[in-house]
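Report on the structure given below.
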Amino acid sequence: MNTMTDAPVLIVRRVFDASPARVFDAWLTHEQFQAWIGPEGVTCEVPVFEPRVGGRYKIIMNMSDGSTIPVVGTFKTVDRPNSFSMTWKWEKGEDDSLVSVSLRDLGGKTELTLRHDGLQTVENCDAHEKGWNSTLNKMGRLLTGANA
C-alpha cells in the first residue's frame with residue numbers, strides 16, 4: 001500500500017488577474033464554487049458544502065456520457081485569504097487524497113498553487129492533472145466575468 005509520502009505528487013500553478021481574497025472566495029463560496037468546479041464539459045452539483053475546519057463537502061460530477069461521479073471530502077484547514085486544504089476522494093473507490101491550495105499576492109494578481117497528495121498511481125496523477133487544469137480554466141473565466 002502506498003502512503004502519501006511515496007505516492008506521486010501533483011502540483012499545478014496558475015496566476016489569476018484577481019486578488020487573493022477574490023480567488024479564495026471563488027473556492028469557498030458555495031455559489032461560486034458550484035459555478036466552476038469540475039473539468040470543462042462537466043457540470044457539477046454541490047449538495048453539501050461546509051467550508052470550515054472539519055466541514056464536509058460533496059460534489060456530484062455530471063459527465064457528458066450521462067454518468068455521475070460523486071466526490072467527497074472534509075476541509076482540513078481554512079486560512080482566508082491565504083490557503084485551505086481538503087481531503088478528496090471518489091465516494092466509491094480510491095483512498096483519501098489531500099488537496100492543498102495556497103494563494104500568493106502578486107500586487108493585484110494572485111499565484112495559486114494547488115498540491116494534490118496521495119494519488120496512488122502515476123496514471124491517476126496524470127488524470128487529475130488534466131482535470132485540475134481544465135477546472136482552473138473554468139475558474140479563470142469566472143474570475144474575469146467570462147462564461148465559466
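For the C-alpha cells, the naming scheme is as follows: chains receive sequential letters (A, B, ...) according to their order of presentation, residues are indexed from 1 within each chain, and ligands are indexed from 1 in presentation order.
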Within 7 Å of segment 94-107 of chain A using only C-alpha atoms, minus same-chain residues under 4 positions, as a PDB file with C-alpha atoms, in the first residue's frame:
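Result went into out-v4.pdb, see below:
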```
ATOM      1  CA  SER A  19      -6.885  39.425  -5.554  1.00  0.00           C
ATOM      2  CA  PRO A  20      -6.168  36.501  -3.199  1.00  0.00           C
ATOM      3  CA  ASN A  82      -4.030  32.586   2.136  1.00  0.00           C
ATOM      4  CA  SER A  83      -4.741  28.870   1.939  1.00  0.00           C
ATOM      5  CA  PHE A  84      -7.006  25.922   2.595  1.00  0.00           C
ATOM      6  CA  SER A  85      -6.834  22.150   2.333  1.00  0.00           C
ATOM      7  CA  MET A  86      -9.377  19.385   1.971  1.00  0.00           C
ATOM      8  CA  THR A  87      -9.445  15.645   1.599  1.00  0.00           C
ATOM      9  CA  TRP A  88     -10.565  14.395  -1.832  1.00  0.00           C
ATOM     10  CA  LYS A  89     -11.892  11.014  -2.874  1.00  0.00           C
ATOM     11  CA  TRP A  90     -14.328   9.373  -5.188  1.00  0.00           C
ATOM     12  CA  GLU A 111      -0.449  32.995  -7.811  1.00  0.00           C
ATOM     13  CA  LEU A 112      -2.417  29.863  -6.948  1.00  0.00           C
ATOM     14  CA  THR A 113      -0.510  26.695  -6.109  1.00  0.00           C
ATOM     15  CA  LEU A 114      -2.602  23.529  -5.946  1.00  0.00           C
ATOM     16  CA  ARG A 115      -0.878  20.482  -4.468  1.00  0.00           C
ATOM     17  CA  HIS A 116      -2.650  17.121  -4.637  1.00  0.00           C
ATOM     18  CA  ASP A 117      -1.011  14.481  -2.417  1.00  0.00           C
ATOM     19  CA  GLY A 118      -1.920  10.832  -2.070  1.00  0.00           C
ATOM     20  CA  LEU A 119      -2.811   9.963  -5.660  1.00  0.00           C
TER      21      LEU A 119
END
```
Original post:
Could you pull out all residues of segment 62-93 of chain A with a DSSP call of strand (DSSP E) and give them as a PyMOL selection string?
Top reply: chain A and resi 62+68-79+83-90
Which of chain A DSSP labels alpha helix (DSSP H), written as a short mmCIF file (atom, residue, chain, number, x, y, z; two decimals) with all heavy atoms, in the first residue's frame:
```cif
data_model
loop_
_atom_site.label_atom_id
_atom_site.label_comp_id
_atom_site.auth_asym_id
_atom_site.auth_seq_id
_atom_site.Cartn_x
_atom_site.Cartn_y
_atom_site.Cartn_z
N PRO A 20 -6.06 37.76 -3.93
CA PRO A 20 -6.17 36.50 -3.20
C PRO A 20 -7.55 36.31 -2.56
O PRO A 20 -8.09 35.21 -2.59
CB PRO A 20 -5.07 36.60 -2.15
CG PRO A 20 -4.03 37.48 -2.78
CD PRO A 20 -4.85 38.51 -3.55
N ALA A 21 -8.13 37.37 -2.02
CA ALA A 21 -9.46 37.24 -1.39
C ALA A 21 -10.49 36.82 -2.42
O ALA A 21 -11.35 35.98 -2.15
CB ALA A 21 -9.86 38.56 -0.72
N ARG A 22 -10.42 37.38 -3.62
CA ARG A 22 -11.38 37.04 -4.69
C ARG A 22 -11.20 35.58 -5.13
O ARG A 22 -12.18 34.87 -5.32
CB ARG A 22 -11.17 38.00 -5.88
CG ARG A 22 -11.99 37.69 -7.09
CD ARG A 22 -13.42 38.23 -6.97
NE ARG A 22 -14.16 37.94 -8.19
CZ ARG A 22 -14.88 36.84 -8.40
NH1 ARG A 22 -14.99 35.92 -7.46
NH2 ARG A 22 -15.51 36.65 -9.54
N VAL A 23 -9.95 35.14 -5.26
CA VAL A 23 -9.69 33.74 -5.65
C VAL A 23 -10.14 32.80 -4.53
O VAL A 23 -10.79 31.79 -4.78
CB VAL A 23 -8.20 33.53 -6.00
CG1 VAL A 23 -7.91 32.07 -6.30
CG2 VAL A 23 -7.80 34.41 -7.20
N PHE A 24 -9.82 33.16 -3.28
CA PHE A 24 -10.22 32.34 -2.13
C PHE A 24 -11.74 32.19 -2.11
O PHE A 24 -12.27 31.08 -1.95
CB PHE A 24 -9.73 33.01 -0.84
CG PHE A 24 -9.93 32.18 0.40
CD1 PHE A 24 -8.93 31.34 0.85
CD2 PHE A 24 -11.11 32.25 1.10
CE1 PHE A 24 -9.11 30.57 2.00
CE2 PHE A 24 -11.30 31.49 2.25
CZ PHE A 24 -10.30 30.65 2.70
N ASP A 25 -12.45 33.31 -2.29
CA ASP A 25 -13.91 33.26 -2.25
C ASP A 25 -14.49 32.46 -3.41
O ASP A 25 -15.55 31.84 -3.26
CB ASP A 25 -14.49 34.67 -2.25
CG ASP A 25 -14.23 35.39 -0.92
OD1 ASP A 25 -13.82 34.74 0.07
OD2 ASP A 25 -14.42 36.62 -0.88
N ALA A 26 -13.81 32.43 -4.55
CA ALA A 26 -14.28 31.60 -5.67
C ALA A 26 -14.27 30.12 -5.28
O ALA A 26 -15.11 29.34 -5.72
CB ALA A 26 -13.41 31.83 -6.91
N TRP A 27 -13.33 29.74 -4.42
CA TRP A 27 -13.26 28.35 -3.93
C TRP A 27 -14.24 28.09 -2.80
O TRP A 27 -14.82 27.02 -2.72
CB TRP A 27 -11.86 28.03 -3.43
CG TRP A 27 -10.86 27.69 -4.47
CD1 TRP A 27 -10.05 28.56 -5.14
CD2 TRP A 27 -10.53 26.39 -4.96
NE1 TRP A 27 -9.24 27.88 -6.00
CE2 TRP A 27 -9.51 26.54 -5.91
CE3 TRP A 27 -10.99 25.11 -4.67
CZ2 TRP A 27 -8.94 25.46 -6.58
CZ3 TRP A 27 -10.43 24.03 -5.33
CH2 TRP A 27 -9.42 24.21 -6.28
N LEU A 28 -14.37 29.04 -1.88
CA LEU A 28 -15.07 28.74 -0.62
C LEU A 28 -16.41 29.43 -0.46
O LEU A 28 -16.96 29.47 0.64
CB LEU A 28 -14.15 29.04 0.56
CG LEU A 28 -12.92 28.12 0.60
CD1 LEU A 28 -12.02 28.44 1.77
CD2 LEU A 28 -13.31 26.66 0.65
N HIS A 30 -20.18 28.89 -1.81
CA HIS A 30 -20.92 27.79 -2.43
C HIS A 30 -21.33 28.09 -3.87
O HIS A 30 -21.07 27.30 -4.77
CB HIS A 30 -22.14 27.44 -1.58
CG HIS A 30 -22.90 26.27 -2.11
ND1 HIS A 30 -24.11 26.42 -2.76
CD2 HIS A 30 -22.62 24.95 -2.13
CE1 HIS A 30 -24.54 25.22 -3.13
NE2 HIS A 30 -23.66 24.31 -2.76
N GLU A 31 -21.98 29.24 -4.11
CA GLU A 31 -22.49 29.54 -5.45
C GLU A 31 -21.36 29.65 -6.47
O GLU A 31 -21.48 29.17 -7.60
CB GLU A 31 -23.32 30.83 -5.43
CG GLU A 31 -24.57 30.76 -4.57
CD GLU A 31 -24.29 30.84 -3.06
OE1 GLU A 31 -23.23 31.37 -2.65
OE2 GLU A 31 -25.13 30.35 -2.29
N GLN A 32 -20.28 30.32 -6.08
CA GLN A 32 -19.15 30.48 -7.00
C GLN A 32 -18.49 29.13 -7.26
O GLN A 32 -18.19 28.79 -8.41
CB GLN A 32 -18.13 31.47 -6.43
CG GLN A 32 -18.63 32.90 -6.41
CD GLN A 32 -17.57 33.84 -5.93
OE1 GLN A 32 -16.48 33.88 -6.49
NE2 GLN A 32 -17.88 34.61 -4.89
N PHE A 33 -18.23 28.35 -6.22
CA PHE A 33 -17.59 27.05 -6.35
C PHE A 33 -18.40 26.15 -7.29
O PHE A 33 -17.85 25.54 -8.21
CB PHE A 33 -17.44 26.42 -4.96
CG PHE A 33 -16.71 25.11 -4.93
CD1 PHE A 33 -15.34 25.06 -5.14
CD2 PHE A 33 -17.38 23.93 -4.65
CE1 PHE A 33 -14.65 23.85 -5.09
CE2 PHE A 33 -16.69 22.73 -4.59
CZ PHE A 33 -15.33 22.68 -4.82
N GLN A 34 -19.68 26.09 -7.06
CA GLN A 34 -20.54 25.23 -7.89
C GLN A 34 -20.54 25.68 -9.35
O GLN A 34 -20.67 24.86 -10.25
CB GLN A 34 -21.96 25.22 -7.33
CG GLN A 34 -22.88 24.25 -8.08
CD GLN A 34 -24.18 24.03 -7.35
OE1 GLN A 34 -24.24 23.20 -6.47
NE2 GLN A 34 -25.21 24.77 -7.71
N ALA A 35 -20.33 26.98 -9.60
CA ALA A 35 -20.35 27.51 -10.96
C ALA A 35 -19.16 27.06 -11.80
O ALA A 35 -19.26 26.97 -13.01
CB ALA A 35 -20.40 29.04 -10.93
N TRP A 36 -18.02 26.74 -11.15
CA TRP A 36 -16.84 26.42 -11.96
C TRP A 36 -16.19 25.07 -11.66
O TRP A 36 -15.40 24.59 -12.47
CB TRP A 36 -15.77 27.52 -11.82
CG TRP A 36 -15.21 27.65 -10.44
CD1 TRP A 36 -15.63 28.51 -9.46
CD2 TRP A 36 -14.14 26.90 -9.86
NE1 TRP A 36 -14.88 28.33 -8.32
CE2 TRP A 36 -13.96 27.35 -8.54
CE3 TRP A 36 -13.30 25.89 -10.34
CZ2 TRP A 36 -12.99 26.83 -7.69
CZ3 TRP A 36 -12.33 25.36 -9.49
CH2 TRP A 36 -12.19 25.84 -8.17
N VAL A 122 0.81 6.92 -11.04
CA VAL A 122 1.19 7.96 -11.99
C VAL A 122 0.01 8.25 -12.92
O VAL A 122 -0.28 9.40 -13.24
CB VAL A 122 2.45 7.55 -12.78
CG1 VAL A 122 2.72 8.50 -13.93
CG2 VAL A 122 3.65 7.47 -11.85
N GLU A 123 -0.72 7.22 -13.33
CA GLU A 123 -1.87 7.39 -14.21
C GLU A 123 -2.95 8.23 -13.54
O GLU A 123 -3.55 9.12 -14.16
CB GLU A 123 -2.45 6.02 -14.63
CG GLU A 123 -1.53 5.17 -15.49
CD GLU A 123 -0.39 4.49 -14.71
OE1 GLU A 123 -0.49 4.33 -13.47
OE2 GLU A 123 0.62 4.15 -15.35
N ASN A 124 -3.21 7.96 -12.26
CA ASN A 124 -4.20 8.72 -11.51
C ASN A 124 -3.74 10.17 -11.36
O ASN A 124 -4.53 11.11 -11.50
CB ASN A 124 -4.42 8.07 -10.14
CG ASN A 124 -5.69 8.54 -9.45
OD1 ASN A 124 -6.47 9.29 -10.00
ND2 ASN A 124 -5.87 8.09 -8.23
N CYS A 125 -2.45 10.37 -11.13
CA CYS A 125 -1.88 11.71 -11.02
C CYS A 125 -2.04 12.46 -12.35
O CYS A 125 -2.47 13.62 -12.38
CB CYS A 125 -0.41 11.60 -10.62
SG CYS A 125 0.35 13.17 -10.19
N ASP A 126 -1.74 11.79 -13.47
CA ASP A 126 -1.87 12.41 -14.79
C ASP A 126 -3.33 12.79 -15.08
O ASP A 126 -3.60 13.86 -15.61
CB ASP A 126 -1.36 11.47 -15.88
CG ASP A 126 0.17 11.31 -15.85
OD1 ASP A 126 0.85 12.12 -15.17
OD2 ASP A 126 0.66 10.38 -16.52
N ALA A 127 -4.25 11.90 -14.73
CA ALA A 127 -5.68 12.18 -14.96
C ALA A 127 -6.13 13.38 -14.13
O ALA A 127 -6.85 14.25 -14.62
CB ALA A 127 -6.52 10.95 -14.63
N HIS A 128 -5.69 13.44 -12.88
CA HIS A 128 -6.06 14.57 -12.03
C HIS A 128 -5.40 15.87 -12.51
O HIS A 128 -5.98 16.94 -12.41
CB HIS A 128 -5.72 14.29 -10.56
CG HIS A 128 -6.74 13.46 -9.86
ND1 HIS A 128 -6.79 12.10 -9.96
CD2 HIS A 128 -7.78 13.82 -9.08
CE1 HIS A 128 -7.82 11.64 -9.25
NE2 HIS A 128 -8.44 12.68 -8.70
N GLU A 129 -4.19 15.77 -13.06
CA GLU A 129 -3.54 16.96 -13.60
C GLU A 129 -4.37 17.56 -14.73
O GLU A 129 -4.61 18.77 -14.78
CB GLU A 129 -2.13 16.65 -14.08
CG GLU A 129 -1.42 17.88 -14.63
CD GLU A 129 0.01 17.59 -15.06
OE1 GLU A 129 0.34 16.44 -15.38
OE2 GLU A 129 0.79 18.56 -15.07
N LYS A 130 -4.84 16.71 -15.64
CA LYS A 130 -5.70 17.17 -16.74
C LYS A 130 -6.98 17.77 -16.17
O LYS A 130 -7.43 18.84 -16.60
CB LYS A 130 -6.02 16.01 -17.68
CG LYS A 130 -4.86 15.60 -18.55
CD LYS A 130 -5.28 14.50 -19.53
CE LYS A 130 -4.12 14.02 -20.36
NZ LYS A 130 -3.38 12.91 -19.79
N GLY A 131 -7.57 17.08 -15.22
CA GLY A 131 -8.83 17.54 -14.61
C GLY A 131 -8.68 18.87 -13.90
O GLY A 131 -9.49 19.79 -14.09
N TRP A 132 -7.63 19.01 -13.06
CA TRP A 132 -7.44 20.27 -12.34
C TRP A 132 -7.13 21.42 -13.29
O TRP A 132 -7.63 22.53 -13.11
CB TRP A 132 -6.34 20.13 -11.28
CG TRP A 132 -6.80 19.46 -10.03
CD1 TRP A 132 -6.32 18.30 -9.48
CD2 TRP A 132 -7.85 19.88 -9.15
NE1 TRP A 132 -7.01 17.98 -8.33
CE2 TRP A 132 -7.95 18.93 -8.11
CE3 TRP A 132 -8.72 20.97 -9.15
CZ2 TRP A 132 -8.87 19.05 -7.06
CZ3 TRP A 132 -9.65 21.08 -8.12
CH2 TRP A 132 -9.72 20.13 -7.09
N ASN A 133 -6.30 21.19 -14.31
CA ASN A 133 -6.00 22.27 -15.26
C ASN A 133 -7.26 22.72 -15.99
O ASN A 133 -7.50 23.92 -16.14
CB ASN A 133 -4.90 21.84 -16.23
CG ASN A 133 -3.52 22.09 -15.66
OD1 ASN A 133 -3.18 23.23 -15.35
ND2 ASN A 133 -2.74 21.05 -15.51
N SER A 134 -8.08 21.78 -16.41
CA SER A 134 -9.33 22.11 -17.09
C SER A 134 -10.27 22.86 -16.15
O SER A 134 -10.90 23.86 -16.52
CB SER A 134 -9.97 20.82 -17.61
OG SER A 134 -11.15 21.09 -18.31
N THR A 135 -10.34 22.40 -14.92
CA THR A 135 -11.19 23.03 -13.90
C THR A 135 -10.73 24.46 -13.63
O THR A 135 -11.54 25.39 -13.53
CB THR A 135 -11.16 22.19 -12.61
OG1 THR A 135 -11.74 20.91 -12.90
CG2 THR A 135 -11.93 22.84 -11.49
N LEU A 136 -9.41 24.67 -13.52
CA LEU A 136 -8.89 26.00 -13.25
C LEU A 136 -9.10 26.94 -14.44
O LEU A 136 -9.23 28.16 -14.26
CB LEU A 136 -7.41 25.94 -12.85
CG LEU A 136 -7.17 25.29 -11.47
CD1 LEU A 136 -5.68 25.12 -11.22
CD2 LEU A 136 -7.84 26.08 -10.35
N ASN A 137 -9.18 26.39 -15.66
CA ASN A 137 -9.56 27.20 -16.82
C ASN A 137 -10.95 27.81 -16.58
O ASN A 137 -11.18 28.99 -16.84
CB ASN A 137 -9.60 26.38 -18.10
CG ASN A 137 -8.23 25.94 -18.57
OD1 ASN A 137 -7.21 26.48 -18.17
ND2 ASN A 137 -8.22 24.93 -19.44
N LYS A 138 -11.87 26.98 -16.08
CA LYS A 138 -13.23 27.44 -15.81
C LYS A 138 -13.23 28.49 -14.69
O LYS A 138 -13.94 29.49 -14.78
CB LYS A 138 -14.13 26.26 -15.44
CG LYS A 138 -14.49 25.37 -16.62
CD LYS A 138 -15.19 24.10 -16.21
CE LYS A 138 -16.52 24.29 -15.52
NZ LYS A 138 -17.15 23.01 -15.17
N MET A 139 -12.43 28.28 -13.65
CA MET A 139 -12.38 29.24 -12.57
C MET A 139 -11.83 30.58 -13.08
O MET A 139 -12.33 31.64 -12.72
CB MET A 139 -11.51 28.75 -11.40
CG MET A 139 -11.63 29.68 -10.20
SD MET A 139 -10.61 29.19 -8.80
CE MET A 139 -9.07 29.92 -9.30
N GLY A 140 -10.82 30.53 -13.94
CA GLY A 140 -10.27 31.75 -14.51
C GLY A 140 -11.31 32.54 -15.28
O GLY A 140 -11.36 33.78 -15.17
N ARG A 141 -12.16 31.84 -16.02
CA ARG A 141 -13.23 32.52 -16.75
C ARG A 141 -14.24 33.15 -15.79
O ARG A 141 -14.73 34.25 -16.02
CB ARG A 141 -13.90 31.58 -17.75
CG ARG A 141 -12.98 31.24 -18.92
CD ARG A 141 -13.70 30.57 -20.07
NE ARG A 141 -14.20 29.24 -19.78
CZ ARG A 141 -13.49 28.12 -19.86
NH1 ARG A 141 -12.20 28.17 -20.22
NH2 ARG A 141 -14.02 26.95 -19.61
N LEU A 142 -14.55 32.46 -14.69
CA LEU A 142 -15.47 33.02 -13.69
C LEU A 142 -14.86 34.30 -13.09
O LEU A 142 -15.55 35.31 -12.94
CB LEU A 142 -15.74 32.01 -12.58
CG LEU A 142 -16.61 32.56 -11.46
CD1 LEU A 142 -18.04 32.08 -11.61
CD2 LEU A 142 -16.08 32.20 -10.11
N LEU A 143 -13.58 34.26 -12.79
CA LEU A 143 -12.92 35.41 -12.17
C LEU A 143 -12.88 36.63 -13.09
O LEU A 143 -12.88 37.76 -12.62
CB LEU A 143 -11.51 35.05 -11.71
CG LEU A 143 -11.42 34.09 -10.53
CD1 LEU A 143 -10.00 33.60 -10.35
CD2 LEU A 143 -11.94 34.75 -9.25
N THR A 144 -12.83 36.40 -14.39
CA THR A 144 -12.76 37.52 -15.33
C THR A 144 -14.15 37.91 -15.85
O THR A 144 -14.26 38.83 -16.66
CB THR A 144 -11.87 37.19 -16.54
OG1 THR A 144 -12.41 36.06 -17.24
CG2 THR A 144 -10.44 36.92 -16.12
#
```
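Our summary of the geometry notes that atom CA of Lys76 of chain A is positioned 9.5 Å from atom CA of Arg56 of chain A.
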**OP:** To one decimal in Å, tell me the separation between atom CA of Gln120 of chain A and atom CA of Thr74 of chain A.
**Re:** 19.1 Å
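Restricting the calculation to only C-alpha atoms, the smallest distance between Gly145 of chain A and any of A:Val9, A:Thr43, A:Asp65, A:Asp17 is found for A:Asp17.
With only C-alpha atoms as the basis for measurement, A:Leu10 is the residue among A:Pro39, A:Glu50, A:Leu10, A:Lys58 that approaches Thr121 of chain A most closely.
A straight line drawn from atom CA of Arg52 of chain A to atom CA of Gly73 of chain A is 11.9 Å long.
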Neighbouring residues of Ile69 of chain A were defined as those with any atom within 12 Å, considering only C-alpha atoms; residues of the same chain fewer than 5 positions away were excluded. Please report them as an mmCIF file with C-alpha atoms, in the first residue's frame.
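The resulting out-v3.cif:
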```cif
data_model
loop_
_atom_site.group_PDB
_atom_site.id
_atom_site.type_symbol
_atom_site.label_atom_id
_atom_site.label_comp_id
_atom_site.auth_asym_id
_atom_site.auth_seq_id
_atom_site.Cartn_x
_atom_site.Cartn_y
_atom_site.Cartn_z
ATOM 1 C CA GLY A 38 -15.281 20.237 -12.499
ATOM 2 C CA VAL A 42 -18.690 18.614 -16.885
ATOM 3 C CA THR A 43 -21.401 20.276 -14.796
ATOM 4 C CA CYS A 44 -21.439 19.784 -11.072
ATOM 5 C CA GLU A 45 -23.906 19.942 -8.239
ATOM 6 C CA VAL A 46 -22.580 20.651 -4.747
ATOM 7 C CA LYS A 58 -19.874 16.615 -1.751
ATOM 8 C CA ILE A 59 -19.533 17.299 -5.463
ATOM 9 C CA ILE A 60 -21.583 15.341 -7.982
ATOM 10 C CA MET A 61 -19.849 15.494 -11.368
ATOM 11 C CA ASN A 62 -22.331 15.062 -14.229
ATOM 12 C CA MET A 63 -20.247 13.598 -17.045
ATOM 13 C CA SER A 64 -21.000 14.141 -20.742
ATOM 14 C CA LYS A 89 -11.892 11.014 -2.874
ATOM 15 C CA TRP A 90 -14.328 9.373 -5.188
ATOM 16 C CA GLU A 91 -17.251 8.415 -2.957
ATOM 17 C CA LYS A 92 -16.877 4.803 -4.121
ATOM 18 C CA GLY A 93 -13.304 3.760 -4.601
#
```
Original post:
Contacts of Tyr57 of chain A at 6 Å or less, counting only C-alpha atoms, minus same-chain residues fewer than 5 places along, as a PyMOL selection string?
Top reply: chain A and resi 48-49+72-73
